[in-house]
Structure formats: C-alpha cells, structure tokens
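Chemist: This structure is in structure tokens; I'll ask about it shortly.
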2 protein chains.
Amino acid sequence: MNELEFIAALRAMASEPAARGLEDDAAVLEIGGESLVLTQDTLVQGIHVREDEDHADIAWKLVAVNLSDLAAKGAEPVGVLISHMLGTGDERFLDGLSEVLGEFAVPLLGGDTTGSSGARRSWTCTALGRATHRPVPDRRGASSGDAIYVTGTLGLAMLGIDEDERNIGSAADLAYRRPWPLLAEGVALAPLVTAMMDVSDGLFLDCRRMALASGVSFHLDSGSFPVAYPARADACVRWGDDYQLLFTAPLDAALPVPATQIGLVDTRGFEPLWIDGRAPEGDWLGYQHD
Amino acid sequence: MNELEFIAALRAMASEPAARGLEDDAAVLEIGGESLVLTQDTLVQGIHVREDEDHADIAWKLVAVNLSDLAAKGAEPVGVLISHMLGTGDERFLDGLSEVLGEFAVPLLGGDTTGSSGARRSWTCTALGRATHRPVPDRRGASSGDAIYVTGTLGLAMLGIDEDERNIGSAADLAYRRPWPLLAEGVALAPLVTAMMDVSDGLFLDCRRMALASGVSFHLDSGSFPVAYPARADACVRWGDDYQLLFTAPLDAALPVPATQIGLVDTRGFEPLWIDGRAPEGDWLGYQHD
C-alpha cells in the first residue's frame with residue numbers, strides 16, 4: 001500500500017464536512033457559533049528537518065508551519081498542543097518554542113512528552129484557530145475567471161538552506177530556519193479570496209493541488225513569478241518551504257496586502273496546470289513532502 | 001535535561017488557564033459558549049506498543065487512549081486528528097482506525113501522513129470533545145472527606161499482555177489490545193465528581209498524581225482494590241493500561257455507575273499517598289510512561 005492509496009482510504013473515512021475531505025490545509029469545525037480551524041503537522045528528523053538542525057529552529061518551524069495553515073484559512077491562533085520526543089537538544093527546543101509562541105502570542109495548551117527509545121525523532125503540533133471570516137477560505141473555491149496571486153517572494157528558503165555561517169541572520173537564512181506565518185495577511189485576505197492555501201511544497205505542486213481541488217485549470221505566466229534569485233528561477237518556484245500565501249480572487253478585487261498576479265483560472269481543461277501555455281514536463285513539480 | 005525538568009519548563013510556559021497547568025488529562029478551552037476538551041497522545045513503537053503489534057490494535061489503542069482522556073473530563077467526542085508514519089502494516093492500521101472510529105462514532109477531521117525514513121515509528125492523535133457538564137472535571141479538585149472510587153476491575157490488561165493465542169478474544173486479551181474508553185460513564189459521573197482522571201499508568205501512580213494535583217493526601221485500603229487476579233493483586237494495581245476512571249466524590253453521593261470505593265481523601269499530610277496506613281515503599285508506583 002503506497003502513500004496515495006493510504007490517503008485515499010483515509011479520505012473515504014473522513015466523511016464529516018468539517019474534515020473538508022482531507023483536501024484542505026485544515027479542518028473547520030462549527031462549534032458554539034464559532035468556526036474552529038484545526039491543523040496538525042509532524043516533522044520527522046531526516047525528512048523535514050536536518051539531522052544537525054538546531055533544535056530551537058525545529059521548535060520554531062514545528063509551530064510556524066502549523067500557524068501558516070491557520071493563516072491560509074484567515075484564522076487567529078487560539079493555542080497549540082505539542083508532542084515531543086525527548087533527547088538531545090531539548091533545552092534549545094524549549095528556547096525556540098518559547099520564542100515562537102511569544103512572537104505570535106500563541107498559548108501552549110497541552111500535548112505529550114515521550115521517550116524516543118534511541119530512534120530518529122519526530123515532533124507533532126496541533127494548532128487551533130478561530131476563523132475571522134465566514135465562509136472560511138477553502139482551497140476548493142477557485143473559479144474560472146479568477147486571478148491567481150502569491151504573496152512575497154519565492155525561493156528565499158531554498159537559498160537559506162545553502163547559506164554558510166557568514167550569512168546567519170540574512171533574510172534567506174531566516175526564511176529557511178524561521179519561517180514566518182502570514183497571519184495578519186491571511187486575516188486581511190480572507191474576506192475577498194475565492195480559494196487560499198500556503199505554499200509549502202513549491203508553487204507548481206501547490207497550484208496543481210488547488211486547481212484539482214477546485215475542479216479548474218490554472219494558467220500561470222512564468223515571467224511573473226516573484227523569485228528571490230532570477231538566475232535560479234525554476235528552482236526557486238519548485239523548492240517550497242517559503243510559506244507564502246497562494247490565493248485566487250476576482251480580477252477586480254482590491255487587494256489589502258501586496259501580492260503578485262501569476263496567472264488566471266480557467267474551466268477545467270485537459271490538464272489542471274499550465275505554465276506559459278504548456279503542461280509542466282516530468283513528474284517533479286515540487287517537493288513531495290511525505 | 002531530564003524529563004521532569006523538561007516538563008517543568010513546559011508548565012512554566014503554559015500559563016493560559018485552558019492548559020490547566022499541564023497537570024490534567026486534557027486542556028479545556030472556552031470557545032463560543034462551549035467548553036472544548038483537547039487531548040493529545042503519542043504512541044512510540046517499542047515504548048508504548050510492541051514491535052510485533054498488529055497495526056489494527058495500534059490504531060485502536062491510539063484513538064481509544066485519547067477518548068479515555070475525554071471520558072475522564074465527561075466530554076463527548078467531536079473528532080480526531082491523526083498523524084501517521086507510513087510503513088508496514090498500514091492496511092491493518094486503516095482497519096483498526098475504521099473500527100474504533102465507527103465503534104465510538106468519532107469523525108476523522110484531519111492530520112498528517114509522513115514517511116518514516118527508517119525512524120522508529122510513532123503515531124499521534126489529537127482528540128476534541130465537547131464538555132457535557134461544567135465545571136469540567138479536573139484532577140485538581142479532590143478535597144478532604146471525599147471518598148475515592150475506581151470503576152471496573154484492575155489488571156485485566158496486564159493479564160492480556162501475557163495471553164497466548166488460545167485466548168485471543170478473551171476479556172483480558174481485549175482489555176490489552178482494545179482498551180475501551182468509558183465515555184458514557186464519564187458523562188454520567190461528571191456532575192457529581194470532585195476530581196476525575198483515567199487510570200493509565202497504574203492505580204498508585206495515578207492516585208499519587210491526583211493527590212499531588214489536588215494538594216491533599218489519599219488513604220487507600222488495599223483490601224478493597226477490585227483486582228482481576230487476586231493472586232497477583234499488587235501487579236494488577238500497579239500495571240496500568242486498564243483505562244478505568246478514578247474519581248473522588250462526596251461520601252453520600254449516589255453513584256450513577258458501578259464503582260468501588262478504595263479509600264478516603266484527607267488533608268495533605270507528610271505523604272500524598274498512603275496505603276493501609278503506610279507510605280508505599282520504593283519508587284516503583286506504576287508504569288512511568290514516558
């Protein structure tokens with residue numbers, strides 16, 4: 001049984017509307033007149049974080065990637081639960097956790113602490129948020145005629161992973177080690193977007209996912225991509241890890257935050273994703289995070 | 001930095017009242033006029049589940065131990081998020097997940113699926129519940145003069161782990177492989193208990209925790225313990241994994257579910273836990289789950 005089969009089986013189980021068919025960044029649960037937004041991400045040593053990563057950066061990233069999912073739903077954080085495997089670097093983990101929770105004013109609500117039994121370690125965070133706008137943005141809402149936008153620049157995190165020690169503290173280094181969830185931007189955008197998600201796995205892969213979920217085709221113009229390093233433009237857009245917001249909105253919408261229009265939505269054609277009029281070649285659209 | 005120091009540092013960070021000082025089985029978040037109960041538990045292969053465990057049993061246990069925490073707060077399940085590391089046994093995992101979610105009518109809301117990259121596997125579940133009674137039972141509420149009760153029998157799960165193949169399907173086998181969260185019992189008890197938690201780590205250890213959290217002393221009468229196997233009474237109460245409910249209530253309370261009185265609460269004395277008038281010898285009170 002491969003990953004796709006496993007996820008397909010989970011989707012068949014997740015029939016509750018709140019689960020959004022497991023196709024969105026988060027679940028949206030109606031409770032007591034509020035819309036509660038729920039997301040959970042696990043980082044595995046050797047897959048999502050390097051073996052030699054500073055554990056303060058692991059803690060930051062663990063929380064930040066979950067807050068980024070809340071941002072994509074226009075939600076304000078309510079709290080997090082953290083599941084932690086004990087081991088080396090725990091003091092640094094606490095430092096980073098304290099920093100990220102303080103920076104975004106997020107309460108620690110609970111979690112679990114386990115031994116690791118000498119194994120390669122993993123960490124799980126569940127983040128809860130309160131929706132600020134309803135309907136809560138969905139990645140399934142893009143419709144024909146919408147413009148496609150992305151915030152910020154793409155590729156900084158990729159440059160950061162190559163940084164040597166002299167560039168600690170540079171924008172690229174911070175983009176990689178300390179991703180910044182765009183919470184205020186997500187709240188500002190929520191009332192006008194037709195679909196929204198964060199770009200974690202590369203622009204092409206995430207555009208394709210949004211197009212598939214929405215039952216439309218995305219037509220992107222590569223000349224418009226806001227890349228951090230034009231000489232490596234293609235790598236910049238495919239790499240991911242930038243946690244910018246990808247969204248669609250009516251062409252005439254007045255955007256409350258800076259963003260770059262990178263294409264247009266059309267009715268579903270032969271392929272879900274077109275770049276400069278051609279379907280992307282090869283399978284490697286971006287980083288297929290497990 | 002050891003586990004106790006790590007947890008103490010987390011507690012210092014968890015200043016939000018909803019976190020209950022990380023001393024309870026669950027967080028209790030007030031949202032939209034409801035009390036949302038939140039709990040998260042991780043199972044690590046080789047620590048919490050055996051290497052050769054049927055993965056259907058792992059999935060069942062993963063969800064059931066979280067539902068047991070909801071039960072201890074008198075909460076009805078609203079949904080779960082599951083973080084799963086792919087690997088051998090995934091089809092069986094799906095079977096067990098479907099069974100446990102169906103049995104307790106719990107929606108799957110989301111989660112994460114990752115590779116394991118050769119790491120020892122772990123699984124995390126976050127369960128959300130809606131409190132049925134307020135104040136939501138806390139393990140910090142036991143007070144002098146209360147009676148101490150436990151539901152069911154203790155030690156069945158311990159017997160189950162020793163079962164050979166002939167006894168598959170026996171009560172002991174099921175207690176070990178398929179723990180049963182006492183959701184209906186928790187809801188029935190919530191209005192009258194002064195403190196409640198589930199017994200996951202052995203009666204003595206969990207009684208000690210409740211006494212410490214409540215700032216009282218527990219006096220237990222070993223002759224009253226409802227053990228599954230009197231010849232191994234001591235092991236039965238220390239082993240844990242039975243997921244019975246431990247609670248305190250006024251002496252004259254009319255209990256809505258069967259339970260055994262095992263002692264009395266007194267003001268805090270020299271020790272938090274006394275058994276037959278003596279403080280327990282040695283450090284090994286039960287299973288110190290990491």
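Every chain in the structure tokens takes a letter, A first, then B, and so on in the order presented; its residues are numbered from 1, and the ligands are numbered from 1 following the presented order.
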From a DSSP calculation on the backbone, collect every residue of segment 86-142 of chain B in strand (DSSP E or B) and output the set as a PyMOL selection string.

Modeler: chain B and resi 108-114+122-131

Chemist: Residues of the last selection are to be written out with C-alpha atoms, as a JSON list (two decimals), in the first residue's frame.

Modeler:
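result36.json, freshly written:
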```
[["chain", "number", "residue", "atom", "x", "y", "z"],
["B", 108, "LEU", "CA", -11.85, 11.81, 11.45],
["B", 109, "LEU", "CA", -11.16, 15.52, 10.94],
["B", 110, "GLY", "CA", -7.60, 15.65, 9.67],
["B", 111, "GLY", "CA", -3.98, 15.01, 10.48],
["B", 112, "ASP", "CA", -0.76, 14.34, 8.66],
["B", 113, "THR", "CA", 0.87, 11.44, 6.85],
["B", 114, "THR", "CA", 4.66, 11.26, 6.75],
["B", 122, "SER", "CA", 5.27, 6.90, 16.17],
["B", 123, "TRP", "CA", 1.65, 7.89, 15.90],
["B", 124, "THR", "CA", -0.05, 10.92, 17.37],
["B", 125, "CYS", "CA", -3.74, 11.51, 17.92],
["B", 126, "THR", "CA", -5.40, 14.71, 19.00],
["B", 127, "ALA", "CA", -8.95, 14.25, 20.22],
["B", 128, "LEU", "CA", -11.50, 17.03, 20.66],
["B", 129, "GLY", "CA", -14.57, 16.74, 22.80],
["B", 130, "ARG", "CA", -17.46, 18.85, 23.94],
["B", 131, "ALA", "CA", -17.91, 19.06, 27.69]]
```

Chemist: Can you pull out every residue within 12 Å of segment 14-17 of chain B, counting only C-alpha atoms, but drop anything in the same chain fewer than 3 positions away, and send it as JSON, numbers by chain?

Modeler: {"A": [78, 79, 80, 81, 82, 97, 98, 101, 102, 105, 106, 107, 108, 109, 110, 111], "B": [7, 8, 9, 10, 11, 20, 21, 22, 23, 24, 26, 27, 28, 29, 30]}

Chemist: Select from segment 102-217 of chain A everything DSSP, run on the backbone, classes as helix (DSSP H, G or I), then give the selection as a ChimeraX atom specification.

Modeler: /A:102-103,156-161,165-167,171-177,183-189,203-214

Chemist: Excluding segment 227-239 of chain A and any residue of its chain fewer than 4 positions from it, enumerate the residues within 6 Å of it, using only C-alpha atoms, and give them as an MDAnalysis selection string.

Modeler: chainID A and resid 153:156 202:203 286

Chemist: Would you mind exporting C-alpha atoms of the selected residues as an mmCIF file, in the first residue's frame?

Modeler:
```cif
data_model
loop_
_atom_site.group_PDB
_atom_site.id
_atom_site.type_symbol
_atom_site.label_atom_id
_atom_site.label_comp_id
_atom_site.auth_asym_id
_atom_site.auth_seq_id
_atom_site.Cartn_x
_atom_site.Cartn_y
_atom_site.Cartn_z
ATOM 1 C CA THR A 153 8.971 36.166 -2.957
ATOM 2 C CA LEU A 154 9.671 32.518 -3.651
ATOM 3 C CA GLY A 155 12.996 30.771 -3.197
ATOM 4 C CA LEU A 156 14.396 32.515 -0.143
ATOM 5 C CA GLY A 202 6.594 24.527 -4.171
ATOM 6 C CA LEU A 203 4.440 26.764 -6.290
ATOM 7 C CA GLY A 286 7.984 20.385 -6.354
#
```

Chemist: Write out as a list in words which residues come within 7 Å of Arg140 of chain A when counting only C-alpha atoms, dropping same-chain ones fewer than 6 positions away.

Modeler: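 Returned residues: Ala195, Met210, Ala213 and Ser214 of chain A.
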
Chemist: I'd like the contact shell of Arg208 of chain A - 10 Å cut-off, only C-alpha atoms, skipping same-chain residues fewer than 5 positions apart - returned as a PyMOL selection string.

Modeler: chain A and resi 203+213-214+216-218+271-274+285

Chemist: Those selected residues, please, written with C-alpha atoms and delivered as a PDB file, in the first residue's frame.

Modeler:
```pdb
ATOM      1  CA  LEU A 203       4.440  26.764  -6.290  1.00  0.00           C
ATOM      2  CA  ALA A 213      -9.382  20.507  -5.533  1.00  0.00           C
ATOM      3  CA  SER A 214     -11.337  23.305  -7.225  1.00  0.00           C
ATOM      4  CA  VAL A 216     -10.485  24.055 -12.630  1.00  0.00           C
ATOM      5  CA  SER A 217      -7.288  24.657 -14.612  1.00  0.00           C
ATOM      6  CA  PHE A 218      -4.609  27.133 -13.574  1.00  0.00           C
ATOM      7  CA  GLU A 271      -4.542  19.339 -17.530  1.00  0.00           C
ATOM      8  CA  PRO A 272      -5.066  21.093 -14.167  1.00  0.00           C
ATOM      9  CA  LEU A 273      -1.891  23.165 -14.529  1.00  0.00           C
ATOM     10  CA  TRP A 274      -0.465  25.054 -17.497  1.00  0.00           C
ATOM     11  CA  LEU A 285       6.564  19.638  -9.750  1.00  0.00           C
TER      12      LEU A 285
END
```

Chemist: Would you list the contacts of Leu182 of chain B as a list in words, taking every protein, DNA or RNA residue within 6 Å and counting only C-alpha atoms, but skipping same-chain residues closer than 2 positions in sequence?

Modeler: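 Neighbouring residues, sequence-local ones excluded: Ala71, Ala184 and Glu185 of chain B.
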
Chemist: If we count only C-alpha atoms, what is near Pro137 of chain B at a cut-off of 9 Å, once residues fewer than 3 positions away on the same chain are taken out, given as a ChimeraX atom specification?

Modeler: /B:72-74,133-134,140-141,190-191,193-197

Chemist: Pick from A:Glu76, A:Val65, A:Asp221, A:Gly263: nearest to Val199 of chain A, with only C-alpha atoms counted?

Modeler: A:Val65

Chemist: Report the distance between atom CA of Gly223 of chain B and atom CA of Tyr149 of chain B in Å, rounded to one decimal place.

Modeler: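 Separation between atom CA of Gly223 of chain B and atom CA of Tyr149 of chain B: 13.5 Å.
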
Chemist: Find the residue from A:Asp54, A:Asp241, A:Glu103, A:Asp41 that sits nearest to chain B; use only C-alpha atoms when measuring.

Modeler: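 Among the listed residues, the smallest separation from chain B belongs to A:Asp41.
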